[in-house]
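Notes follow the structure.
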Amino acid sequence: MRRRLVVVFLVPLIAVLLVLGGAYAWSAARSIQQEHITELVGDVAYFVTNARQALRSGSPELVTREAERYAEVYGTGVVVVDRSGAPWATGGNDATVLDEATTAQIQLALAGRRGDLPQPGAPWEFTELVIVEPVFDNGDAIGAVVVEANVDVAREAILEQWVLVLFGAVLATSVGLVIVFRLSDWVLRPLRRMDRAMEAIERGEIESRIADDTGPPELRRMILLFNRMADEIERTMSRQQEFALNASHELRNPLSALLVRVEHLATGLGDEWTRDIEETREEGRRMTRILDTLLNLARSGQRDAVADRVDITELVRSRLDAWRQRATQARVSLVLRGDDPVSLATDRVIVESALDAVIDNAVKFSPSGTRVVVTVAESDGGVDIVVRDNGPGVDTEELAHLTDRFWRSPRNRSTPGSGLGLAIATDLVHSIGGKLRIEAPDGGGLAVHLRLSPELAA
């Protein structure tokens with residue numbers, strides 16, 4: 001963001017400096033050229049007066065000494081031509097002034113007409129100045145003065161002005177950079193602190209806050225609202241943790257009492273009840289593991305997944321056996337496809353909880369006389385569990401909402417439920433680095449794909 005702020009502030013500044021500096025540099029160059037031309041015209045007028053006296057008296061020495069001294073001081077050549085156009089008196093080098101263009105101007109001057117004065121132009125085109133002025137005597141042109149000016153001094157003056165402009169632009173840009181960086185730091189410092197606080201909260205440091213009274217007023221208000229929001233989130237999470245802690249702790253006592261009664265009842269039942277008793281014990285032990293997980297989560301605020309080598313096929317079979325009585329009551333059959341052992345390092349409790357939520361959803365919405373097919377297969381180093389039912393299904397546009405919390409299809413509002421099962425299953429699978437995907441296959445119903453990754457999520 002700092003780079004964007006610098007660009008936003010700096011680009012207009014540079015554009016303004018280019019426009020204003022360029023305009024000033026161009027104007028200064030033309031002004032220097034005009035001043036040089038004006039001075040040269042004044043010097044030409046002085047030589048015209050001397051040339052008139054010299055031509056009248058027929059003494060070129062009257063103008064030659066002045067022309068030579070002028071050429072020596074200013075490096076400017078002066079030539080006086082007579083009525084025939086031939087050089088009559090010179091000062092400096094006359095070989096470069098009587099070229100074809102200059103000769104044409106001389107002829108125009110001897111005809112009694114003044115030529116156009118040089119005009120300012122582009123500095124790189126300002127290379128030489130030649131002025132031809134007629135010399136009149138009683139209204140007749142008796143000669144002409146030709147002056148070839150040296151423009152090195154003018155070009156140096158233009159260059160000096162341009163260097164000053166460039167230096168000023170660089171200085172202004174440097175000052176602008178300092179101001180922009182200070183301004184961006186002033187604006188972004190609260191945002192950086194907010195970003196660090198949000199990262200800390202994401203890591204679980206829910207007590208992190210922002211102590212910053214600098215920056216624009218809008219950002220100070222944002223920081224105030226952020227701290228209030230963080231306080232409210234902390235209070236909400238604290239209440240949730242307290243509720244989970246109390247609920248899980250209170251449930252352990254009746255669960256322990258229930259398991260004790262199961263053991264007591266088991267002593268008075270026949271051998272035909274052995275399987276049911278063992279399944280009841282296993283469900284009780286599983287509920288104990290879930291409560292332990294819930295207690296750890298409530299105490300620490302987060303749960304680290306525990307990776308153990310798990311036979312996924314056996315796990316799925318055990319969960320289907322646990323749900324079989326419920327399915328039988330709903331006259332729905334549970335079928336497992338894939339008897340080969342499939343081993344994976346994952347968190348058993350999380351996989352069981354996610355699979356329970358999906359099986360519960362499948363049994364709940366399957367019509368009587370249908371079946372729920374669960375398939376287990378290895379794929380790309382992981383394991384795919386597919387739960388396929390024959391329920392009413394949903395429309396294609398509703399598929400994306402099935403994992404939203406509390407969302408239920410309008411056609412199934414009369415069916416008991418909270419709309420949390422698939423959402424919870426999705427969160428559980430994601431917590432161990434897996435994915436949950438739902439499809440609407442041909443023939444109706446839903447196919448829920450649980451993709452278990454070989455590596456737990458970080």
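If you're wondering about the labels, chains in the structure tokens are A, B, ... by order shown, residues count from 1 in each chain, ligands from 1 in order shown.
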### Message
Need to verify the contact set: Arg337 in chain A, 9 Å, only C-alpha atoms, exclusion of same-chain residues closer than 4 positions in sequence. Can you return it as a list in words?
### Response
Val373, Val374, Thr375, Val376 and Ala377 of chain A
With C-alpha atoms retained, export the selected residues as a PDB file, in the first residue's frame.
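What landed in again32.pdb:
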```
ATOM      1  CA  VAL A 373     -24.321 -46.719   0.098  1.00  0.00           C
ATOM      2  CA  VAL A 374     -20.967 -45.807   1.602  1.00  0.00           C
ATOM      3  CA  THR A 375     -17.857 -46.355  -0.516  1.00  0.00           C
ATOM      4  CA  VAL A 376     -14.261 -46.317   0.733  1.00  0.00           C
ATOM      5  CA  ALA A 377     -11.395 -46.128  -1.749  1.00  0.00           C
TER       6      ALA A 377
END
```
### Non-local contacts of Arg331 in chain A (12 Å; only C-alpha atoms; under 3 positions in same chain excluded) as a ChimeraX atom specification
/A:324-328,334,363-372
Let me see the file: selected residues, C-alpha atoms, as a PDB file, in the first residue's frame.
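Contents of the output file out_23.pdb:
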```pdb
ATOM      1  CA  ARG A 324     -27.848 -49.460  11.728  1.00  0.00           C
ATOM      2  CA  GLN A 325     -30.562 -49.558  14.387  1.00  0.00           C
ATOM      3  CA  ARG A 326     -31.561 -45.986  13.619  1.00  0.00           C
ATOM      4  CA  ALA A 327     -31.599 -46.801   9.904  1.00  0.00           C
ATOM      5  CA  THR A 328     -33.674 -49.923  10.494  1.00  0.00           C
ATOM      6  CA  LEU A 334     -26.831 -49.139   5.109  1.00  0.00           C
ATOM      7  CA  VAL A 363     -30.671 -41.502   6.790  1.00  0.00           C
ATOM      8  CA  LYS A 364     -32.876 -38.581   7.734  1.00  0.00           C
ATOM      9  CA  PHE A 365     -33.745 -37.674   4.139  1.00  0.00           C
ATOM     10  CA  SER A 366     -33.814 -41.151   2.570  1.00  0.00           C
ATOM     11  CA  PRO A 367     -37.312 -42.511   1.789  1.00  0.00           C
ATOM     12  CA  SER A 368     -38.436 -45.824   3.308  1.00  0.00           C
ATOM     13  CA  GLY A 369     -37.260 -48.870   1.418  1.00  0.00           C
ATOM     14  CA  THR A 370     -34.135 -47.197  -0.009  1.00  0.00           C
ATOM     15  CA  ARG A 371     -30.540 -47.632   0.940  1.00  0.00           C
ATOM     16  CA  VAL A 372     -27.516 -45.512   1.753  1.00  0.00           C
TER      17      VAL A 372
END
```
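Residues surrounding Val153 in chain A within 10 Å are Ile32, His36, Tyr74, Asn150, Glu156, Ala157, Ile158 and Leu159 of chain A [only C-alpha atoms; sequence separation below 3 positions excluded].
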Residues of range 132-202 of chain A within 7 Å of range 102-111 of chain A: nearest atom pair and distance (Å, one decimal) for each, counting only C-alpha atoms, sorted by chain and number, as JSON lines?
```
{"residue": "A:Val132", "atom": "CA", "partner": "A:Gln105", "partner_atom": "CA", "distance": 6.3}
{"residue": "A:Glu133", "atom": "CA", "partner": "A:Ala109", "partner_atom": "CA", "distance": 6.2}
{"residue": "A:Pro134", "atom": "CA", "partner": "A:Ala109", "partner_atom": "CA", "distance": 4.8}
{"residue": "A:Ala141", "atom": "CA", "partner": "A:Leu110", "partner_atom": "CA", "distance": 5.6}
{"residue": "A:Gly143", "atom": "CA", "partner": "A:Leu110", "partner_atom": "CA", "distance": 6.1}
{"residue": "A:Ala144", "atom": "CA", "partner": "A:Ala109", "partner_atom": "CA", "distance": 6.4}
```
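Here CA of Leu55 in chain A and CA of Gly139 in chain A stand 14.4 Å from one another.
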### Message
Which residue is closest to Leu320 in chain A? Choose from A:Leu219, A:Leu355, A:Ala425, A:Leu62 and count only C-alpha atoms.
### Response
A:Leu355
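Note that CA of Gly168 in chain A and CA of Val187 in chain A are 27.9 Å apart.
Among the candidate residues A:Val386, A:Ile312, A:Val19, A:Val358, the one lying nearest to Leu402 in chain A is A:Val358, with distances computed using only C-alpha atoms.
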